[in-house]
Structures are given as structure tokens and as C-alpha cells.
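Asker: Enclosed is the structure file upload09.json (JSON, C-alpha atoms and all ligand atoms).
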```
[["chain", "number", "residue", "atom", "x", "y", "z"],
["A", 116, "MET", "CA", -21.62, 1.44, -2.69],
["A", 117, "ALA", "CA", -19.14, -1.21, -3.69],
["A", 118, "ARG", "CA", -15.53, -0.39, -3.01],
["A", 119, "ARG", "CA", -13.46, 0.25, -6.16],
["A", 120, "LYS", "CA", -10.49, -2.03, -6.65],
["A", 121, "TYR", "CA", -7.16, -0.33, -5.97],
["A", 122, "VAL", "CA", -3.87, -1.56, -7.44],
["A", 123, "VAL", "CA", -0.74, 0.20, -6.22],
["A", 124, "GLY", "CA", 2.85, -0.32, -7.31],
["A", 125, "ASN", "CA", 5.65, 0.19, -4.80],
["A", 126, "TRP", "CA", 8.88, 0.61, -6.73],
["A", 127, "LYS", "CA", 10.97, 0.65, -3.51],
["A", 128, "MET", "CA", 14.55, 1.82, -4.23],
["A", 129, "ASN", "CA", 14.31, 1.01, -7.92],
["A", 130, "GLY", "CA", 14.01, 3.21, -10.97],
["A", 131, "LEU", "CA", 16.02, 5.79, -12.88],
["A", 132, "THR", "CA", 14.55, 8.28, -15.33],
["A", 133, "ALA", "CA", 14.85, 5.64, -18.05],
["A", 134, "ALA", "CA", 12.01, 3.79, -16.29],
["A", 135, "LEU", "CA", 9.49, 6.59, -16.88],
["A", 136, "GLY", "CA", 8.40, 4.90, -20.12],
["A", 137, "GLU", "CA", 7.20, 1.93, -18.03],
["A", 138, "ALA", "CA", 5.15, 4.26, -15.87],
["A", 139, "GLN", "CA", 3.62, 5.86, -18.96],
["A", 140, "ALA", "CA", 2.66, 2.44, -20.32],
["A", 141, "ILE", "CA", 1.21, 1.44, -16.93],
["A", 142, "PHE", "CA", -0.91, 4.59, -16.67],
["A", 143, "ALA", "CA", -2.03, 4.23, -20.29],
["A", 144, "ALA", "CA", -3.31, 0.75, -19.41],
["A", 145, "ALA", "CA", -4.93, 2.15, -16.28],
["A", 146, "GLY", "CA", -6.84, 4.54, -18.53],
["A", 147, "GLU", "CA", -8.22, 1.54, -20.42],
["A", 148, "ASN", "CA", -9.39, -0.08, -17.18],
["A", 149, "LYS", "CA", -11.45, 2.68, -15.68],
["A", 150, "GLY", "CA", -13.09, 0.53, -13.03],
["A", 151, "VAL", "CA", -9.78, 0.19, -11.14],
["A", 152, "ASP", "CA", -7.83, 2.88, -9.29],
["A", 153, "VAL", "CA", -4.13, 2.59, -10.14],
["A", 154, "ALA", "CA", -1.24, 4.36, -8.44],
["A", 155, "LEU", "CA", 2.55, 4.13, -8.50],
["A", 156, "CYS", "CA", 4.91, 4.99, -5.65],
["A", 157, "PRO", "CA", 8.40, 5.44, -7.12],
["A", 158, "PRO", "CA", 11.47, 6.70, -5.23],
["A", 159, "PHE", "CA", 11.25, 10.38, -4.23],
["A", 160, "THR", "CA", 13.51, 11.37, -7.14],
["A", 161, "LEU", "CA", 11.01, 10.11, -9.71],
["A", 162, "ILE", "CA", 7.77, 11.48, -8.26],
["A", 163, "GLY", "CA", 7.94, 14.86, -10.01],
["A", 164, "PRO", "CA", 9.25, 13.47, -13.31],
["A", 165, "MET", "CA", 6.58, 10.73, -13.28],
["A", 166, "ILE", "CA", 3.79, 13.27, -12.76],
["A", 167, "SER", "CA", 5.21, 15.31, -15.66],
["A", 168, "ALA", "CA", 5.41, 12.20, -17.83],
["A", 169, "ALA", "CA", 1.86, 11.05, -16.97],
["A", 170, "PRO", "CA", -0.20, 14.13, -16.12],
["A", 171, "GLY", "CA", -3.18, 13.40, -13.92],
["A", 172, "ALA", "CA", -1.84, 10.01, -12.81],
["A", 173, "ALA", "CA", -1.90, 9.01, -9.14],
["A", 174, "VAL", "CA", 1.73, 9.08, -8.02],
["A", 175, "GLY", "CA", 2.89, 8.92, -4.43],
["A", 176, "GLY", "CA", 5.70, 8.53, -1.94],
["A", 177, "GLN", "CA", 6.84, 5.44, -0.07],
["A", 178, "ASP", "CA", 7.28, 7.28, 3.23],
["A", 179, "CYS", "CA", 7.07, 10.76, 4.72],
["A", 180, "HIS", "CA", 8.23, 12.44, 7.92],
["A", 181, "ALA", "CA", 5.69, 13.19, 10.66],
["A", 182, "ALA", "CA", 6.78, 16.83, 10.90],
["A", 183, "ALA", "CA", 5.80, 19.40, 8.29],
["A", 184, "SER", "CA", 9.35, 20.81, 8.08],
["A", 185, "GLY", "CA", 12.49, 21.10, 10.16],
["A", 186, "ALA", "CA", 15.99, 19.86, 10.87],
["A", 187, "PHE", "CA", 15.57, 16.27, 9.69],
["A", 188, "THR", "CA", 18.38, 15.67, 7.22],
["A", 189, "GLY", "CA", 17.44, 13.32, 4.43],
["A", 190, "SER", "CA", 13.72, 13.24, 5.20],
["A", 191, "VAL", "CA", 10.78, 14.39, 3.09],
["A", 192, "ALA", "CA", 7.64, 15.93, 4.60],
["A", 193, "ALA", "CA", 4.07, 15.23, 3.55],
["A", 194, "PRO", "CA", 3.39, 18.83, 2.44],
["A", 195, "MET", "CA", 6.44, 18.55, 0.15],
["A", 196, "LEU", "CA", 4.93, 15.49, -1.52],
["A", 197, "ALA", "CA", 1.61, 17.31, -1.95],
["A", 198, "ASP", "CA", 3.45, 20.37, -3.26],
["A", 199, "ILE", "CA", 4.94, 18.48, -6.21],
["A", 200, "GLY", "CA", 1.63, 16.86, -7.09],
["A", 201, "ALA", "CA", 1.78, 13.54, -5.26],
["A", 202, "SER", "CA", -1.65, 12.34, -4.19],
["A", 203, "LEU", "CA", -0.77, 9.50, -1.82],
["A", 204, "VAL", "CA", 1.90, 8.05, 0.41],
["A", 205, "ILE", "CA", 2.66, 4.62, 1.85],
["A", 206, "VAL", "CA", 3.38, 4.60, 5.59],
["A", 207, "GLY", "CA", 4.46, 1.77, 7.87],
["A", 208, "HIS", "CA", 5.88, -0.54, 5.23],
["A", 209, "SER", "CA", 7.62, -3.44, 6.97],
["A", 210, "GLU", "CA", 10.91, -2.44, 5.34],
["A", 211, "ARG", "CA", 10.58, 0.89, 7.20],
["A", 212, "ARG", "CA", 9.29, -0.64, 10.43],
["A", 213, "GLU", "CA", 12.12, -3.23, 10.48],
["A", 214, "GLY", "CA", 14.96, -1.41, 8.73],
["A", 215, "PHE", "CA", 14.40, 2.03, 10.26],
["A", 216, "GLY", "CA", 12.91, 1.06, 13.62],
["A", 217, "GLU", "CA", 9.53, 2.70, 13.03],
["A", 218, "SER", "CA", 7.02, 2.02, 15.80],
["A", 219, "ASP", "CA", 3.24, 1.99, 15.56],
["A", 220, "ALA", "CA", 3.27, 5.46, 17.13],
["A", 221, "ASP", "CA", 5.65, 6.71, 14.42],
["A", 222, "VAL", "CA", 3.42, 5.26, 11.72],
["A", 223, "LYS", "CA", 0.34, 6.84, 13.27],
["A", 224, "ALA", "CA", 2.06, 10.24, 13.34],
["A", 225, "LYS", "CA", 3.13, 9.89, 9.71],
["A", 226, "ALA", "CA", -0.37, 8.87, 8.62],
["A", 227, "GLY", "CA", -1.82, 11.87, 10.46],
["A", 228, "ALA", "CA", 0.70, 14.22, 8.83],
["A", 229, "ALA", "CA", -0.06, 12.83, 5.38],
["A", 230, "LEU", "CA", -3.80, 13.21, 5.82],
["A", 231, "ALA", "CA", -3.35, 16.75, 7.12],
["A", 232, "ALA", "CA", -1.35, 17.55, 3.97],
["A", 233, "GLY", "CA", -4.25, 16.36, 1.83],
["A", 234, "LEU", "CA", -2.67, 13.07, 0.76],
["A", 235, "SER", "CA", -4.30, 9.67, 0.71],
["A", 236, "VAL", "CA", -2.57, 7.05, 2.84],
["A", 237, "ILE", "CA", -1.77, 3.40, 2.46],
["A", 238, "LEU", "CA", -1.00, 2.13, 5.95],
["A", 239, "CYS", "CA", 0.86, -1.20, 5.99],
["A", 240, "VAL", "CA", 0.61, -3.95, 8.56],
["A", 241, "GLY", "CA", 1.77, -7.56, 8.54],
["A", 242, "GLU", "CA", 3.30, -10.26, 10.67],
["A", 243, "PRO", "CA", 6.76, -11.88, 10.57],
["A", 244, "ARG", "CA", 7.09, -15.56, 9.78],
["A", 245, "GLU", "CA", 7.60, -16.75, 13.36],
["A", 246, "VAL", "CA", 4.42, -15.02, 14.45],
["A", 247, "ARG", "CA", 2.46, -16.66, 11.64],
["A", 248, "GLU", "CA", 3.93, -20.05, 12.59],
["A", 249, "SER", "CA", 3.05, -19.60, 16.26],
["A", 250, "GLY", "CA", -0.60, -18.87, 15.38],
["A", 251, "GLY", "CA", -0.48, -15.25, 16.54],
["A", 252, "ALA", "CA", -0.80, -13.46, 13.19],
["A", 253, "ALA", "CA", -4.25, -11.97, 13.70],
["A", 254, "ASP", "CA", -3.48, -10.66, 17.19],
["A", 255, "TYR", "CA", -0.22, -9.15, 15.93],
["A", 256, "VAL", "CA", -1.81, -7.41, 12.94],
["A", 257, "LEU", "CA", -4.82, -6.13, 14.89],
["A", 258, "ALA", "CA", -2.48, -4.68, 17.52],
["A", 259, "GLN", "CA", -0.58, -2.88, 14.74],
["A", 260, "ILE", "CA", -3.88, -1.40, 13.54],
["A", 261, "ALA", "CA", -4.83, -0.37, 17.06],
["A", 262, "GLY", "CA", -1.48, 1.39, 17.46],
["A", 263, "SER", "CA", -1.05, 2.97, 14.05],
["A", 264, "LEU", "CA", -4.51, 4.05, 12.86],
["A", 265, "PRO", "CA", -4.99, 7.81, 13.27],
["A", 266, "GLY", "CA", -7.79, 8.87, 15.60],
["A", 267, "ASP", "CA", -9.89, 10.80, 13.16],
["A", 268, "PHE", "CA", -9.72, 10.46, 9.38],
["A", 269, "ASP", "CA", -11.66, 10.40, 6.16],
["A", 270, "PRO", "CA", -12.13, 6.67, 5.43],
["A", 271, "ALA", "CA", -12.09, 7.32, 1.69],
["A", 272, "ARG", "CA", -8.49, 8.54, 2.04],
["A", 273, "LEU", "CA", -7.03, 5.76, 4.15],
["A", 274, "ALA", "CA", -6.44, 2.23, 2.92],
["A", 275, "ILE", "CA", -4.84, -0.62, 4.86],
["A", 276, "ALA", "CA", -2.33, -2.91, 3.16],
["A", 277, "TYR", "CA", -1.99, -6.35, 4.75],
["A", 278, "GLU", "CA", 1.49, -7.56, 3.86],
["A", 279, "PRO", "CA", 2.75, -10.66, 5.67],
["A", 280, "ILE", "CA", 6.48, -9.98, 5.92],
["A", 281, "TRP", "CA", 7.38, -13.53, 4.98],
["A", 282, "ALA", "CA", 5.48, -13.13, 1.68],
["A", 283, "ILE", "CA", 7.26, -9.96, 0.56],
["A", 284, "GLY", "CA", 9.65, -10.61, -2.30],
["A", 285, "THR", "CA", 9.81, -14.33, -1.53],
["A", 286, "GLY", "CA", 7.31, -15.85, -3.94],
["A", 287, "LEU", "CA", 5.49, -17.31, -0.93],
["A", 288, "VAL", "CA", 1.84, -16.35, -0.47],
["A", 289, "PRO", "CA", -0.69, -17.23, 2.20],
["A", 290, "THR", "CA", -3.64, -19.36, 1.16],
["A", 291, "VAL", "CA", -6.59, -17.44, -0.19],
["A", 292, "GLY", "CA", -8.52, -18.60, 2.88],
["A", 293, "ASP", "CA", -5.88, -17.15, 5.20],
["A", 294, "VAL", "CA", -5.91, -13.85, 3.30],
["A", 295, "ALA", "CA", -9.71, -13.63, 3.44],
["A", 296, "ALA", "CA", -9.71, -14.47, 7.16],
["A", 297, "MET", "CA", -7.14, -11.78, 7.95],
["A", 298, "HIS", "CA", -8.89, -9.15, 5.84],
["A", 299, "GLY", "CA", -12.19, -9.97, 7.53],
["A", 300, "ALA", "CA", -10.55, -9.60, 10.95],
["A", 301, "ILE", "CA", -8.99, -6.29, 9.89],
["A", 302, "ARG", "CA", -12.35, -4.96, 8.71],
["A", 303, "ALA", "CA", -13.98, -5.96, 12.00],
["A", 304, "LYS", "CA", -11.19, -4.17, 13.88],
["A", 305, "LEU", "CA", -11.62, -1.06, 11.71],
["A", 306, "GLY", "CA", -15.31, -1.17, 12.58],
["A", 307, "GLU", "CA", -14.47, -1.21, 16.30],
["A", 308, "GLN", "CA", -12.00, 1.65, 15.98],
["A", 309, "ALA", "CA", -13.52, 3.87, 13.33],
["A", 310, "GLY", "CA", -17.16, 2.79, 13.14],
["A", 311, "GLY", "CA", -19.00, 0.45, 10.82],
["A", 312, "SER", "CA", -19.61, 2.96, 8.09],
["A", 313, "ALA", "CA", -15.92, 3.92, 7.91],
["A", 314, "ALA", "CA", -14.92, 0.25, 7.90],
["A", 315, "GLY", "CA", -17.31, -0.41, 5.04],
["A", 316, "THR", "CA", -15.74, 2.38, 2.98],
["A", 317, "MET", "CA", -12.07, 1.62, 3.67],
["A", 318, "ARG", "CA", -10.13, -0.46, 1.21],
["A", 319, "ILE", "CA", -7.94, -3.29, 2.43],
["A", 320, "LEU", "CA", -5.19, -4.30, 0.00],
["A", 321, "TYR", "CA", -3.18, -7.51, 0.03],
["A", 322, "GLY", "CA", 0.57, -7.29, -0.60],
["A", 323, "GLY", "CA", 3.34, -9.88, -0.83],
["A", 324, "SER", "CA", 4.47, -11.65, -4.03],
["A", 325, "VAL", "CA", 1.40, -10.64, -6.04],
["A", 326, "ASN", "CA", 1.98, -11.40, -9.72],
["A", 327, "ALA", "CA", 0.09, -11.91, -12.98],
["A", 328, "GLU", "CA", -0.52, -15.57, -12.16],
["A", 329, "ASN", "CA", -1.96, -15.25, -8.65],
["A", 330, "ALA", "CA", -3.62, -11.80, -8.87],
["A", 331, "ALA", "CA", -7.09, -12.93, -9.91],
["A", 332, "GLU", "CA", -7.33, -15.45, -7.06],
["A", 333, "LEU", "CA", -5.95, -13.11, -4.39],
["A", 334, "LEU", "CA", -7.96, -10.09, -5.57],
["A", 335, "GLY", "CA", -11.10, -12.21, -5.64],
["A", 336, "ALA", "CA", -10.78, -13.26, -1.98],
["A", 337, "GLY", "CA", -13.28, -11.96, 0.54],
["A", 338, "ASP", "CA", -12.62, -8.42, 1.80],
["A", 339, "VAL", "CA", -9.68, -7.94, -0.58],
["A", 340, "ASP", "CA", -10.08, -4.59, -2.32],
["A", 341, "GLY", "CA", -6.83, -4.48, -4.23],
["A", 342, "ALA", "CA", -3.11, -5.15, -4.16],
["A", 343, "LEU", "CA", 0.12, -3.46, -3.13],
["A", 344, "VAL", "CA", 2.71, -4.82, -5.55],
["A", 345, "GLY", "CA", 6.49, -4.56, -5.34],
["A", 346, "GLY", "CA", 8.62, -6.50, -7.81],
["A", 347, "ALA", "CA", 5.85, -7.06, -10.35],
["A", 348, "SER", "CA", 5.05, -3.33, -10.55],
["A", 349, "LEU", "CA", 8.37, -2.30, -12.10],
["A", 350, "THR", "CA", 7.41, -3.05, -15.69],
["A", 351, "ALA", "CA", 4.19, -2.65, -17.64],
["A", 352, "GLY", "CA", 4.60, -6.22, -18.88],
["A", 353, "LYS", "CA", 4.24, -7.57, -15.34],
["A", 354, "PHE", "CA", 1.97, -4.95, -13.77],
["A", 355, "VAL", "CA", -0.68, -4.42, -16.44],
["A", 356, "PRO", "CA", -1.98, -8.03, -16.19],
["A", 357, "ILE", "CA", -2.55, -7.41, -12.46],
["A", 358, "ILE", "CA", -4.55, -4.26, -13.27],
["A", 359, "GLU", "CA", -6.52, -6.25, -15.84],
["A", 360, "ALA", "CA", -7.18, -9.03, -13.34],
["A", 361, "ALA", "CA", -8.62, -6.47, -10.93],
["A", 362, "ALA", "CA", -10.74, -4.95, -13.71],
["A", 363, "ALA", "CA", -12.15, -8.35, -14.62],
["A", 364, "LEU", "CA", -13.53, -9.01, -11.12],
["B", 1, "LIG", "P1", 6.57, -7.81, -3.51],
["B", 1, "LIG", "O1", 6.55, -6.56, -2.52],
["B", 1, "LIG", "O2", 5.33, -7.67, -4.40],
["B", 1, "LIG", "O3", 7.85, -7.67, -4.28],
["B", 1, "LIG", "O4", 6.50, -9.04, -2.68],
["B", 1, "LIG", "C1", 5.35, -6.08, -1.96],
["B", 1, "LIG", "C2", 5.62, -4.91, -1.05],
["B", 1, "LIG", "O5", 6.62, -4.93, -0.31],
["B", 1, "LIG", "O6", 4.84, -3.93, -1.04]]
```
Kindly return the structure encoded in the file as C-alpha cells.
Ligand code: PGA
Answerer:
Amino acid sequence: MARRKYVVGNWKMNGLTAALGEAQAIFAAAGENKGVDVALCPPFTLIGPMISAAPGAAVGGQDCHAAASGAFTGSVAAPMLADIGASLVIVGHSERREGFGESDADVKAKAGAALAAGLSVILCVGEPREVRESGGAADYVLAQIAGSLPGDFDPARLAIAYEPIWAIGTGLVPTVGDVAAMHGAIRAKLGEQAGGSAAGTMRILYGGSVNAENAAELLGAGDVDGALVGGASLTAGKFVPIIEAAAAL
């Protein structure tokens, strides 16, 4: 069966309650484009209010702790996300790996905790600029997958997001050929690690400066099953055209 396109907005540390109207407009448009799965990952503070404002919508976290509870001041556990109605969580975003020192082992533990709590996972990988320039991007990304993919999981509940760090928030994007080549390499690696049938089911999203203008081309590239969108997911005006581009493919 063909993989359904998946368009996910990562609001990062943006959004007050006044932004809930944008989420409602985004999920209303998602309802008009039923062939595409749409989710939003707002800051923790908005997850509950967003679910109340858009009942039934797929809303998730941007991170979770690997433990189910405990003395971890400031952290949020996966069962807490599930408890308030979140259905997914992003783990391993480069802003967490770089800014908070998260290793592949940390990301693997978080992904495992999220799956155990019943959440779907978007597991992020991606190379820094100097690695891309030195020609080592594929090796770097495949090593991240080897180190951060949980051992045993339901492939329908785990998506990979390939986000070259140098493309995040910069307006720079790899060529469509480079994106397709990386996604193909990731799918082959998933096949090695999880088996061919799991790899055929798993969705691989591209992230990094996706916008209304480049979405159709990027989403149409080989082995690209959707997009993880930061800046352009904050308003319906910018995000809905990306959902529509995915629906048109
Ligand atoms: P961007 O962010 O779309 O603003 O580049 C993507 C991301 O970090 O997930």
C-alpha cells in the first residue's frame, strides 16, 4: 500500500494562546485534504489547549524524557503527553541534539519511551554543514539512524525526518536530487535494521526551509513521504499551501 503523505508543523518555542486560531484554521484545511496526515507540535503549554480547540486533531510534543516519571525538573514524560491527548512526539531534533547535548543513545531511549506510551514518533536526523561539504553526509546520517532507532517498533508509528542542519531556518535547501538520494539511503538502512517490510511502511519526511514555493518539488522527490516544517507552520496562510501541495501529489 502506498504510504500516505505526512505534513507536520514544529512550532518550536513559538505560540501563545492567541495562536490557537491558526491551529484551528490549519486543522480545518487538513479536514478538506483527507489524503494527507497533518499534525502540529506546539510548545508543551499549548498541547492541551490545542486539542481542546481542535478535537480529534493530531497534536504532539517536540521532545519527551526517556523516563516515565521522576526527579527531572522541567522535563515532560511521554505518558504525560499521552495523558493529555497528544498522539505523537518529535525526538532527536537537531536543536535538542546540539543545544541540549542529546546523543543517539538518548534519542533512542526517548523514542522507546514514546512508543511504549502509545505515541507515534518522528525521529530526526541530519548533518551539519561541514559534514555535507566534506562529502560525509550519508555516512553521518546513517550512523545516526543506527544509533537512535529503537530495536523493536511498529513501523506505522515511527517516521524519520531528514533535516540537514544547515537547511533549518536558513532558506537554503539541498537539491531535489540530493534529498532523493539521502532518503533512498535512509530507506535502505531502515531495511537493514528493521527489515524490508518495515522499511516499506515507514515514512521519511524532509525538513529544512520547506515553504509554499518549494513544497511540491521537495514532496515529489523519490522516497519523500512528507515534510517537517518549522517557520512556515506557524500560520495557516503559510502552512495550508504546503498541505495542499502534498494533497495534490
Ligand atoms: P524550518 O524548520 O522549516 O524553519 O527550516 C524545520 C525544523 O527545524 O523542523
Asker: Would you mind listing the residues within 10 Å of ligand LIG 1 (chain B), counting all atoms listed in the file, as an NGL selection string?
Answerer: :A and (123-127 or 177 or 205 or 208-210 or 239 or 276-288 or 321-326 or 342-349)
Asker: Using all atoms listed in the file, which residue out of A:Gln308, A:Gln139, A:Thr132, A:Thr188 lies closest to Gly266 in chain A?
Answerer: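 For Gly266 in chain A, the nearest of the candidates is A:Gln308.
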Asker: Would you mind listing what lies within 10 Å of Pro170 in chain A as a PDB file with C-alpha atoms, in the coordinates of the input, with all atoms listed in the file counted and same-chain residues fewer than 6 positions away left out?
Answerer:
```pdb
ATOM      1  CA  GLN A 139       3.620   5.860 -18.960  1.00  0.00           C
ATOM      2  CA  PHE A 142      -0.910   4.590 -16.670  1.00  0.00           C
ATOM      3  CA  PRO A 164       9.250  13.470 -13.310  1.00  0.00           C
ATOM      4  CA  GLY A 200       1.630  16.860  -7.090  1.00  0.00           C
TER       5      GLY A 200
END
```
Asker: Taking into account all atoms listed in the file, which residue in the set A:Gly163, A:Gly299, A:Gly306, A:Pro157 is nearest to Asp178 in chain A?
Answerer: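 Under the stated criterion, the closest residue is A:Pro157.
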Asker: Residues near range 271-275 of chain A, anyone? I mean within 6 Å using only C-alpha atoms, not counting same-chain ones fewer than 5 positions away, as a PDB file with C-alpha atoms, in the coordinates of the input.
Answerer:
```
ATOM      1  CA  SER A 235      -4.300   9.670   0.710  1.00  0.00           C
ATOM      2  CA  VAL A 236      -2.570   7.050   2.840  1.00  0.00           C
ATOM      3  CA  ILE A 237      -1.770   3.400   2.460  1.00  0.00           C
ATOM      4  CA  LEU A 238      -1.000   2.130   5.950  1.00  0.00           C
ATOM      5  CA  CYS A 239       0.860  -1.200   5.990  1.00  0.00           C
ATOM      6  CA  MET A 317     -12.070   1.620   3.670  1.00  0.00           C
ATOM      7  CA  ARG A 318     -10.130  -0.460   1.210  1.00  0.00           C
ATOM      8  CA  ILE A 319      -7.940  -3.290   2.430  1.00  0.00           C
TER       9      ILE A 319
END
```
Asker: One number please: CA of Leu135 in chain A to CA of Asp198 in chain A, in Å, one decimal.
Answerer: 20.3 Å
Asker: Kindly give the distance, in Å, that separates CA of Val256 in chain A and CA of Val153 in chain A, rounded to a single decimal.
Answerer: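 Those two atoms sit 25.3 Å apart.
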Asker: So that I can see what lies close to Ser218 in chain A, please list as number ranges by chain the residues with an atom at most 10 Å from it, counting only C-alpha atoms and leaving out residues fewer than 6 positions away in the same chain.
Answerer: A: 207, 211-212, 224, 259, 262-263
Asker: Write a file of the just-selected residues containing C-alpha atoms, as a PDB file, keeping the file's coordinate frame.
Answerer:
```pdb
ATOM      1  CA  GLY A 207       4.460   1.770   7.870  1.00  0.00           C
ATOM      2  CA  ARG A 211      10.580   0.890   7.200  1.00  0.00           C
ATOM      3  CA  ARG A 212       9.290  -0.640  10.430  1.00  0.00           C
ATOM      4  CA  ALA A 224       2.060  10.240  13.340  1.00  0.00           C
ATOM      5  CA  GLN A 259      -0.580  -2.880  14.740  1.00  0.00           C
ATOM      6  CA  GLY A 262      -1.480   1.390  17.460  1.00  0.00           C
ATOM      7  CA  SER A 263      -1.050   2.970  14.050  1.00  0.00           C
TER       8      SER A 263
END
```
Asker: How would you write as a PyMOL selection string the residues that get within 9 Å of (-18.3, -3.4, 3.2) in the file's frame, counting all atoms listed in the file?
Answerer: chain A and resi 116-118+302+311-312+314-318+338
Asker: Could those selected residues go to a file with C-alpha atoms, as a PDB file, keeping the file's coordinate frame?
Answerer:
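The file below, selection-v1.pdb, is the result:
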```pdb
ATOM      1  CA  MET A 116     -21.620   1.440  -2.690  1.00  0.00           C
ATOM      2  CA  ALA A 117     -19.140  -1.210  -3.690  1.00  0.00           C
ATOM      3  CA  ARG A 118     -15.530  -0.390  -3.010  1.00  0.00           C
ATOM      4  CA  ARG A 302     -12.350  -4.960   8.710  1.00  0.00           C
ATOM      5  CA  GLY A 311     -19.000   0.450  10.820  1.00  0.00           C
ATOM      6  CA  SER A 312     -19.610   2.960   8.090  1.00  0.00           C
ATOM      7  CA  ALA A 314     -14.920   0.250   7.900  1.00  0.00           C
ATOM      8  CA  GLY A 315     -17.310  -0.410   5.040  1.00  0.00           C
ATOM      9  CA  THR A 316     -15.740   2.380   2.980  1.00  0.00           C
ATOM     10  CA  MET A 317     -12.070   1.620   3.670  1.00  0.00           C
ATOM     11  CA  ARG A 318     -10.130  -0.460   1.210  1.00  0.00           C
ATOM     12  CA  ASP A 338     -12.620  -8.420   1.800  1.00  0.00           C
TER      13      ASP A 338
END
```
Asker: Which of these, A:Ala186, A:Val122, A:Ala296, A:Ala330, has the shortest distance to Ala145 in chain A once you count only C-alpha atoms?
Answerer: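 Comparing A:Ala186, A:Val122, A:Ala296, A:Ala330 against Ala145 in chain A, the winner is A:Val122.
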Asker: Measuring between all atoms listed in the file, which one of A:Ala229, A:Leu305, A:Ala360, A:Leu333 shows the shortest distance to Asp293 in chain A?
Answerer: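 Closest to Asp293 in chain A, using all atoms listed in the file: A:Leu333.
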